[in-house]
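Take a look at the structure below.
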Amino acid sequence: MRRIVHHELGQPSQVLRVEDVPFEPLGPNQVRVRLSYAPIHPGDLLGIMGSPAFGTPPTIGPGGRVPGFEGAGVVSEVGARVDPGLGLKPGLRVALFPAPGSWRDEVIVPAGSVVPFLDTIPDEIGAQLLINTATALISIRTAHESVPPDARGAGVVVLLTAAGSAVGRLLGKLLTDRGVKVIRLVRSEAGAQKLAGLLQSSPIFATDTAGWKDRVRAAAEGVKIHVAIDSVGGHLLGDIADLLAEGTGTVVNFGSLGGEASDIRLFAPRCLTLKGVFVGQWMQLPAEEREADIALAQRLAREPGPLFEVAERYSPSRIADAVAHVGRPGRTGVVLLDFSSEQKAAS
């Protein structure tokens, strides 16, 4: 079995390596999946570095730690006690989440982490289907709860940072479908032009251009902005705080793409609120709600457009190139680890 592993915290390009290890035995309530693709999310790299933005640094055991939390592939073996009613059988194409340690060509997970997906959905999309959609939905629900009751309904305006990211595109689509006016923010004018054709009713501004905050205020057309959904943090958080309604403004944050300490100086004097969300909250939802979210994710995956765009595919042996691509300015789409290429070469 081939896996990508790190034995210490540090820069991903320096500490990640590919190792061949023996196959692991399958437990009675588990499923073995031959992986085709696994995404590299920014949060995966924060964990490898032990960044405070990841939360508690991950534990690295004597055998090292394999990153990754989701992927897609084909079931190769089903444990003896797995409920037959789940319909899991060898040859079935599935997505995996949560699947800690998914950066390997074979993954063993509990049966509850396996989600069959439709034949019309390519593996490249199935591999990135669940984490980003779950993150977007948790953020939207928290944002809805943060809007004052008397301001809910038609005419709500939400500020969205990192609108060109994978989660940002999903947020823009889902919020717009719910009748929310989304003012999208991206880092550069080039990024704004790239996204201009998507959600044409949703204005988009580059934060590297002078006067962008004035243009945001004009786009809101006099409506108070009570909520911003942010995944950048850093100095941009201070600018976002300046645009929110005093006394009722809330920033819902699920990431730190800015890679620097966040500016919260305006939060106290303007009586603003900062709420953090993370994808683990989604796992605590009732099963019925999670099933509905998974069905929504599969519907979104079948829609035309670049909601689940792939930036590039890299074989495990090119892991250093892959993680460098994740940090490339202006990247569009998700970077995937392609385990199927080496499986085809071996066969």
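Identifiers for the structure tokens are assigned positionally: chains receive A, B, ... in sequence, residues are indexed from 1 per chain, and ligands are indexed from 1 in the order shown.
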Could I get the residues of region 84-168 of chain A with an atom no further than 12 Å from an atom of region 237-240 of chain A, each paired with its nearest atom pair and that distance in Å to one decimal, using only C-alpha atoms, sorted by chain and residue number, as CSV?
```
residue,atom,partner,partner_atom,distance
A:Val158,CA,A:Ile240,CA,11.2
A:Leu159,CA,A:Ile240,CA,8.2
A:Leu160,CA,A:Ile240,CA,9.5
A:Thr161,CA,A:Ile240,CA,8.9
A:Ala162,CA,A:Leu237,CA,11.9
```
If you count only C-alpha atoms, which residues fall within 9 Å of Phe308 (chain A), apart from same-chain ones fewer than 6 positions away, as a CSV table (one decimal) with N, CA, C and O atoms, in the first residue's frame?
```csv
chain,number,residue,atom,x,y,z
A,124,GLU,N,-13.3,12.7,-9.9
A,124,GLU,CA,-12.7,14.0,-9.6
A,124,GLU,C,-13.6,14.9,-8.8
A,124,GLU,O,-13.1,15.7,-7.9
A,125,ILE,N,-14.9,14.8,-9.1
A,125,ILE,CA,-15.9,15.6,-8.3
A,125,ILE,C,-16.3,14.9,-7.1
A,125,ILE,O,-16.4,15.6,-6.0
A,128,GLN,N,-14.1,15.6,-3.9
A,128,GLN,CA,-14.2,16.9,-3.2
A,128,GLN,C,-15.6,17.3,-2.9
A,128,GLN,O,-15.8,18.4,-2.5
A,129,LEU,N,-16.5,16.4,-3.0
A,129,LEU,CA,-17.9,16.7,-2.9
A,129,LEU,C,-18.4,17.1,-1.5
A,129,LEU,O,-19.2,18.0,-1.4
A,166,ALA,N,-13.0,27.2,-3.7
A,166,ALA,CA,-14.0,26.2,-3.9
A,166,ALA,C,-15.2,26.3,-3.0
A,166,ALA,O,-16.3,26.2,-3.5
A,169,ARG,N,-17.3,29.6,-4.0
A,169,ARG,CA,-18.2,29.4,-5.2
A,169,ARG,C,-19.5,28.7,-4.7
A,169,ARG,O,-20.6,29.1,-5.2
A,170,LEU,N,-19.3,27.7,-3.9
A,170,LEU,CA,-20.5,27.1,-3.4
A,170,LEU,C,-21.4,28.0,-2.6
A,170,LEU,O,-22.6,28.0,-2.7
A,300,LEU,N,-25.9,19.4,-6.8
A,300,LEU,CA,-24.9,20.5,-7.2
A,300,LEU,C,-23.9,19.9,-8.2
A,300,LEU,O,-23.5,20.6,-9.1
A,301,ALA,N,-23.4,18.7,-7.9
A,301,ALA,CA,-22.3,18.1,-8.7
A,301,ALA,C,-22.8,17.8,-10.1
A,301,ALA,O,-22.0,17.8,-11.1
A,333,GLY,N,-9.9,26.2,-8.5
A,333,GLY,CA,-10.3,24.8,-8.4
A,333,GLY,C,-9.4,24.1,-7.4
A,333,GLY,O,-8.5,24.7,-6.7
A,334,VAL,N,-9.8,22.8,-7.2
A,334,VAL,CA,-9.1,22.0,-6.2
A,334,VAL,C,-8.0,21.2,-6.7
A,334,VAL,O,-8.1,20.7,-7.9
```
Q. Near Ser113 (chain A), within 6 Å and counting only C-alpha atoms, which residues show up once chain neighbours fewer than 4 positions away are dropped, as JSON, numbers by chain?
A. {"A": [96, 97, 98]}
Q: Pick out each residue of region 67-130 of chain A that DSSP on the backbone tags as strand (DSSP E or B); I need them as a PyMOL selection string.
A: chain A and resi 71-78+93-96+104+106-110+114-116
Q: Check the smallest atom-to-atom distance from each of A:Arg331, A:Arg184, A:Arg178, A:Arg65 to Gly101 (chain A) using only C-alpha atoms, then report the winner.
A: A:Arg65
(Q) I'd like to know which of A:Gln193, A:Thr59, A:Asn253, A:Asn29 is closest to Thr142 (chain A), using only C-alpha atoms. (A) A:Asn253
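Compared by their closest atoms to Gly249 (chain A), and using only C-alpha atoms, the residues A:Asp338, A:Glu145, A:Asp263, A:Glu289 rank with A:Glu145 nearest.
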Q | Surrounding residues of Arg3 (chain A) excluding itself and chain neighbours under 6 positions, 12 Å, only C-alpha atoms, as a ChimeraX atom specification | A | /A:16-23,35,38,63-68,101-107,315-317,319,337-339,342
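Each of A:Asp208, A:Glu303, A:Glu312, A:Asp321 was compared to Ile121 (chain A) using only C-alpha atoms, and A:Glu303 turns out to be the nearest.
Residues within 10 Å of Gly247 (chain A), counting only C-alpha atoms and excluding same-chain residues fewer than 3 positions away, are His226, Leu244, Thr250, Phe267, Ala268, Pro269, Arg270, Cys271, Leu272 and Thr273 of chain A.
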Produce a file of the selected residues containing N, CA, C and O atoms, as a short mmCIF file (atom, residue, chain, number, x, y, z; two decimals), in the first residue's frame.
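Saved the output as out-v1.cif:
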```
data_model
loop_
_atom_site.label_atom_id
_atom_site.label_comp_id
_atom_site.auth_asym_id
_atom_site.auth_seq_id
_atom_site.Cartn_x
_atom_site.Cartn_y
_atom_site.Cartn_z
N HIS A 226 -25.40 42.87 7.79
CA HIS A 226 -25.34 42.29 9.13
C HIS A 226 -24.36 41.12 9.23
O HIS A 226 -23.91 40.80 10.33
N LEU A 244 -19.54 46.29 8.34
CA LEU A 244 -20.71 45.66 8.95
C LEU A 244 -21.52 46.64 9.79
O LEU A 244 -21.01 47.65 10.27
N THR A 250 -21.96 40.53 12.29
CA THR A 250 -21.31 39.27 12.66
C THR A 250 -20.45 38.78 11.51
O THR A 250 -20.89 38.78 10.35
N PHE A 267 -13.82 45.23 16.50
CA PHE A 267 -14.95 44.43 16.98
C PHE A 267 -15.52 44.96 18.30
O PHE A 267 -16.74 45.06 18.46
N ALA A 268 -14.66 45.29 19.24
CA ALA A 268 -15.16 45.78 20.53
C ALA A 268 -15.84 47.14 20.41
O ALA A 268 -17.00 47.30 20.84
N PRO A 269 -15.18 48.17 19.85
CA PRO A 269 -15.84 49.48 19.82
C PRO A 269 -17.09 49.54 18.95
O PRO A 269 -17.95 50.40 19.17
N ARG A 270 -17.21 48.61 17.98
CA ARG A 270 -18.40 48.62 17.12
C ARG A 270 -19.40 47.54 17.53
O ARG A 270 -20.39 47.31 16.85
N CYS A 271 -19.12 46.85 18.63
CA CYS A 271 -20.02 45.81 19.16
C CYS A 271 -20.33 44.75 18.10
O CYS A 271 -21.50 44.40 17.86
N LEU A 272 -19.30 44.22 17.49
CA LEU A 272 -19.45 43.19 16.47
C LEU A 272 -19.17 41.82 17.08
O LEU A 272 -18.58 41.69 18.15
N THR A 273 -19.58 40.79 16.35
CA THR A 273 -19.43 39.41 16.82
C THR A 273 -18.61 38.61 15.80
O THR A 273 -18.80 38.76 14.59
#
```
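Counting from CA of Leu118 (chain A), the distance to CA of Leu199 (chain A) is 26.2 Å.
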Q. Residues at most 10 Å from Ala324 (chain A), counting only C-alpha atoms, excluding those fewer than 3 positions away in the same chain, as a ChimeraX atom specification?
A. /A:12-13,319-321,327-328,335
Q. Quick one: DSSP helix (DSSP H, G or I) residues in region 36-229 of chain A, as a PyMOL selection string?
A. chain A and resi 42-49+52-54+84-86+111-113+123-126+129-146+149-151+166-177+189-195+212-219
(Q) Can you pull out the residues contacting Lys89 (chain A)? Cut-off 10 Å, using only C-alpha atoms, and skip same-chain residues under 5 positions away; I want them as a ChimeraX atom specification. (A) /A:31,74-79,84
(Q) Here is a test: counting only C-alpha atoms, which residue of A:Thr133, A:Ser165, A:Gln30, A:Ser201 is nearest to Ile108 (chain A)? (A) A:Gln30
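Among A:Val232, A:Leu307, A:Val33, A:Glu288, the residue with the shortest atom-to-atom distance to Gly172 (chain A), counting only C-alpha atoms, is A:Leu307.
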Q: May I ask for the distance between CA of Val326 (chain A) and CA of His41 (chain A), given in Å to one decimal place?
A: 7.8 Å
